[in-house]
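Visitor: Provided herewith is a single structure, encoded as structure tokens, for subsequent inquiry.
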Amino acid sequence: MNRQLFLLLVAGALTIGAAAAQTPYAGMQARPIKALSDRQVADLKAGRGMGLALAAELNGYPGPSHLLELADQLGLSDAQRVTVRSLFDAMKAETIPIGARLIAQEAALDSLFAGHKVTAETLAAATAEIGDTQAKLRNAHLRYHLSTVAMLHPSQIQRYAELRGYAEGDQKHQHH
């Protein structure tokens with residue numbers, strides 16, 4: 001009986017040790033682009049925000065996508081709906097090509113490492129390009145949040161915050 005208990009404890013310890021040896025990155029080595037998940041690639045291809053505009057979103061600057069989703073509940077007028085739809089379409093037209101460029105740049109960086117061809121110079125150039133593209137993508141998403149707030153009434157902005165779960169009591173957003 002003691003021998004069986006000992007073997008069970010050893011097997012358990014080995015299992016725990018093997019699990020502890022795995023990193024959060026385990027399995028990612030099979031990704032086509034190691035730095036991007038399938039979801040991130042899909043979001044970039046579709047022009048989705050991926051949290052890039054949280055500074056705006058969480059500070060009372062609604063984005064066009066969520067405004068369209070909540071148009072009825074916010075009581076958007078026909079003119080507001082047309083404006084928001086136009087902003088949304090423009091945002092997609094701008095961000096989808098930037099997202100495609102970012103995917104290609106990440107694939108190129110991945111290829112440099114996969115082919116063991118990366119140097120300090122190629123790394124600096126690749127990461128500078130990626131950083132510039134990421135900044136352009138974030139700026140685009142944030143700009144559309146800035147554009148939408150100008151056409152909303154303060155009560156609609158407050159209601160938006162409530163519907164999205166951001167309102168804290170009697171919080172008011174003032175925009176200049």
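Letters for chains follow the order of the structure tokens (A, B, ...), residue numbers begin at 1 for each chain, and ligand numbers begin at 1 in the order shown.
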Could you name the residues that touch Leu44 (chain A) at 8 Å or less, counting only C-alpha atoms, but leaving out those on the same chain fewer than 5 positions away, as a ChimeraX atom specification?
Guide: /A:95-96,99-100,103
Visitor: Can you list every residue in chain A that DSSP puts in helix (DSSP H, G or I), as an NGL selection string?
Guide: :A and (2-21 or 28-30 or 38-46 or 54-57 or 64-69 or 71-74 or 78-114 or 120-149 or 154-164)
Visitor: For Ile157 (chain A), please output as a short mmCIF file (atom, residue, chain, number, x, y, z; two decimals) with N, CA and C atoms, in the first residue's frame all residues within 10 Å (counting only C-alpha atoms; exclusion window: fewer than 3 positions along the same chain).
Guide:
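Listing of result.cif after writing:
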```cif
data_model
loop_
_atom_site.label_atom_id
_atom_site.label_comp_id
_atom_site.auth_asym_id
_atom_site.auth_seq_id
_atom_site.Cartn_x
_atom_site.Cartn_y
_atom_site.Cartn_z
N GLY A 60 -15.35 58.76 -22.65
CA GLY A 60 -16.52 59.44 -23.16
C GLY A 60 -16.51 59.81 -24.63
N TYR A 61 -15.71 59.14 -25.43
CA TYR A 61 -15.65 59.37 -26.88
C TYR A 61 -16.06 58.08 -27.58
N PRO A 62 -17.34 57.90 -27.82
CA PRO A 62 -17.82 56.66 -28.45
C PRO A 62 -17.25 56.47 -29.86
N LEU A 67 -21.62 52.87 -31.78
CA LEU A 67 -22.76 53.77 -31.96
C LEU A 67 -23.78 53.16 -32.90
N LEU A 74 -29.88 54.73 -28.26
CA LEU A 74 -29.37 56.09 -28.04
C LEU A 74 -30.29 57.14 -28.65
N VAL A 149 -17.90 62.10 -31.40
CA VAL A 149 -18.40 62.82 -30.23
C VAL A 149 -18.93 64.20 -30.61
N LEU A 152 -22.79 64.15 -31.30
CA LEU A 152 -23.68 63.60 -30.29
C LEU A 152 -24.09 64.66 -29.26
N HIS A 153 -25.25 64.49 -28.70
CA HIS A 153 -25.71 65.34 -27.61
C HIS A 153 -25.10 64.78 -26.31
N PRO A 154 -24.85 65.64 -25.33
CA PRO A 154 -24.30 65.15 -24.05
C PRO A 154 -25.14 64.02 -23.44
N TYR A 160 -24.78 56.35 -23.69
CA TYR A 160 -23.82 55.41 -24.27
C TYR A 160 -22.97 54.80 -23.16
N ALA A 161 -22.45 55.64 -22.27
CA ALA A 161 -21.62 55.17 -21.16
C ALA A 161 -22.41 54.19 -20.28
N GLU A 162 -23.66 54.50 -20.05
CA GLU A 162 -24.50 53.61 -19.24
C GLU A 162 -24.70 52.27 -19.95
N LEU A 163 -25.04 52.32 -21.23
CA LEU A 163 -25.29 51.10 -21.99
C LEU A 163 -24.05 50.22 -22.10
N LYS A 172 -20.29 62.84 -15.80
CA LYS A 172 -20.58 63.61 -17.01
C LYS A 172 -19.28 63.79 -17.79
N HIS A 173 -19.38 63.64 -19.09
CA HIS A 173 -18.21 63.86 -19.93
C HIS A 173 -18.38 65.22 -20.60
N GLN A 174 -17.36 66.04 -20.49
CA GLN A 174 -17.40 67.33 -21.16
C GLN A 174 -16.34 67.33 -22.24
#
```
Visitor: Fewer than 5 positions away in the same chain doesn't count, so skip those; otherwise give me all residues within 8 Å of region 36-43 of chain A, counting only C-alpha atoms, as a list in words.
Guide: Arg31, Arg48, Gly49, Met50, Ile103 and Glu106 of chain A
Visitor: For Asn139 (chain A), list every protein, DNA or RNA residue within 12 Å, evaluated using only C-alpha atoms, and leave out those in the same chain fewer than 5 positions away; present the list as a list of chain:residue names.
Guide: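 Final neighbour list, sorted by chain and number: A:Gly49, A:Leu52, A:Ala53, A:Leu54, A:Ala55, A:Ala56, A:Met91, A:Glu94, A:Thr95, A:Ile98, A:Asp132, A:Thr133, A:Gln134, A:Tyr144, A:His145, A:Leu146.
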Visitor: Generate the output file for the selected residues, all heavy atoms, as a compact mmCIF listing (two decimals), in the first residue's frame.
Guide:
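Generated file (selection-v8.txt):
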```txt
# COMPACT_ATOMS: atom_id res chain seq x y z
N GLY A 49 -11.09 47.53 -34.01
CA GLY A 49 -10.26 48.37 -33.14
C GLY A 49 -9.31 47.64 -32.22
O GLY A 49 -8.28 48.17 -31.85
N LEU A 52 -7.50 49.43 -29.43
CA LEU A 52 -6.56 50.51 -29.72
C LEU A 52 -7.10 51.89 -29.35
O LEU A 52 -6.34 52.83 -29.17
CB LEU A 52 -6.19 50.50 -31.21
CG LEU A 52 -5.39 49.30 -31.68
CD1 LEU A 52 -5.23 49.32 -33.19
CD2 LEU A 52 -4.02 49.27 -31.00
N ALA A 53 -8.42 52.01 -29.22
CA ALA A 53 -9.02 53.31 -28.93
C ALA A 53 -9.59 53.38 -27.51
O ALA A 53 -10.47 54.18 -27.22
CB ALA A 53 -10.10 53.63 -29.95
N LEU A 54 -9.08 52.55 -26.61
CA LEU A 54 -9.60 52.56 -25.25
C LEU A 54 -9.45 53.91 -24.56
O LEU A 54 -10.31 54.29 -23.76
CB LEU A 54 -8.94 51.46 -24.41
CG LEU A 54 -9.43 50.04 -24.67
CD1 LEU A 54 -8.63 49.04 -23.86
CD2 LEU A 54 -10.91 49.91 -24.38
N ALA A 55 -8.41 54.63 -24.85
CA ALA A 55 -8.24 55.96 -24.24
C ALA A 55 -9.43 56.85 -24.56
O ALA A 55 -9.88 57.62 -23.72
CB ALA A 55 -6.94 56.61 -24.72
N ALA A 56 -9.94 56.74 -25.76
CA ALA A 56 -11.13 57.51 -26.15
C ALA A 56 -12.39 56.87 -25.61
O ALA A 56 -13.21 57.52 -24.95
CB ALA A 56 -11.20 57.62 -27.68
N MET A 91 -13.67 54.84 -41.65
CA MET A 91 -12.72 54.22 -40.73
C MET A 91 -12.26 52.86 -41.27
O MET A 91 -11.07 52.56 -41.29
CB MET A 91 -13.35 54.04 -39.36
CG MET A 91 -12.44 53.39 -38.33
SD MET A 91 -13.26 53.07 -36.76
CE MET A 91 -14.38 51.77 -37.22
N GLU A 94 -9.93 53.19 -44.19
CA GLU A 94 -8.59 53.63 -43.78
C GLU A 94 -7.84 52.55 -43.02
O GLU A 94 -6.63 52.36 -43.24
CB GLU A 94 -8.70 54.89 -42.92
CG GLU A 94 -7.36 55.46 -42.51
CD GLU A 94 -7.46 56.76 -41.74
OE1 GLU A 94 -8.56 57.33 -41.63
OE2 GLU A 94 -6.40 57.22 -41.25
N THR A 95 -8.51 51.85 -42.10
CA THR A 95 -7.79 50.94 -41.20
C THR A 95 -7.51 49.56 -41.80
O THR A 95 -6.52 48.93 -41.42
CB THR A 95 -8.54 50.79 -39.87
OG1 THR A 95 -9.85 50.28 -40.11
CG2 THR A 95 -8.61 52.11 -39.13
N ILE A 98 -4.12 49.56 -43.48
CA ILE A 98 -3.06 49.69 -42.47
C ILE A 98 -2.89 48.36 -41.76
O ILE A 98 -1.76 47.91 -41.50
CB ILE A 98 -3.37 50.82 -41.47
CG1 ILE A 98 -3.46 52.17 -42.18
CG2 ILE A 98 -2.30 50.89 -40.38
CD1 ILE A 98 -3.99 53.31 -41.29
N ASP A 132 5.76 52.28 -36.55
CA ASP A 132 5.12 53.36 -37.30
C ASP A 132 3.72 52.95 -37.77
O ASP A 132 2.77 53.72 -37.66
CB ASP A 132 6.00 53.74 -38.50
CG ASP A 132 5.43 54.91 -39.28
OD1 ASP A 132 5.19 55.98 -38.67
OD2 ASP A 132 5.21 54.76 -40.50
N THR A 133 3.61 51.73 -38.24
CA THR A 133 2.30 51.24 -38.70
C THR A 133 1.33 51.11 -37.54
O THR A 133 0.16 51.48 -37.65
CB THR A 133 2.47 49.90 -39.44
OG1 THR A 133 3.36 50.10 -40.54
CG2 THR A 133 1.14 49.37 -39.96
N GLN A 134 1.80 50.60 -36.41
CA GLN A 134 0.93 50.49 -35.22
C GLN A 134 0.45 51.88 -34.80
O GLN A 134 -0.72 52.05 -34.44
CB GLN A 134 1.67 49.82 -34.07
CG GLN A 134 1.89 48.34 -34.27
CD GLN A 134 2.79 47.74 -33.20
OE1 GLN A 134 3.69 48.38 -32.68
NE2 GLN A 134 2.54 46.47 -32.88
N TYR A 144 -11.46 58.60 -35.26
CA TYR A 144 -12.88 58.39 -35.52
C TYR A 144 -13.71 58.49 -34.24
O TYR A 144 -14.85 58.93 -34.28
CB TYR A 144 -13.12 57.08 -36.29
CG TYR A 144 -12.68 57.25 -37.72
CD1 TYR A 144 -11.42 56.85 -38.15
CD2 TYR A 144 -13.50 57.90 -38.63
CE1 TYR A 144 -11.01 57.05 -39.45
CE2 TYR A 144 -13.09 58.11 -39.95
CZ TYR A 144 -11.84 57.68 -40.34
OH TYR A 144 -11.43 57.91 -41.63
N HIS A 145 -13.14 58.13 -33.13
CA HIS A 145 -13.81 58.35 -31.85
C HIS A 145 -13.95 59.86 -31.61
O HIS A 145 -14.99 60.33 -31.14
CB HIS A 145 -13.04 57.71 -30.70
CG HIS A 145 -13.26 56.23 -30.59
ND1 HIS A 145 -13.99 55.68 -29.59
CD2 HIS A 145 -12.82 55.20 -31.36
CE1 HIS A 145 -14.01 54.36 -29.73
NE2 HIS A 145 -13.31 54.05 -30.80
N LEU A 146 -12.92 60.60 -31.92
CA LEU A 146 -12.96 62.05 -31.76
C LEU A 146 -14.01 62.66 -32.68
O LEU A 146 -14.74 63.58 -32.28
CB LEU A 146 -11.57 62.64 -32.08
CG LEU A 146 -11.36 64.11 -31.85
CD1 LEU A 146 -11.57 64.47 -30.38
CD2 LEU A 146 -9.96 64.49 -32.29
```
Visitor: Tell me, in Å to one decimal, how far CA of Ala107 (chain A) is from CA of Ala35 (chain A).
Guide: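 We find that CA of Ala107 (chain A) and CA of Ala35 (chain A) lie 8.6 Å from each other.
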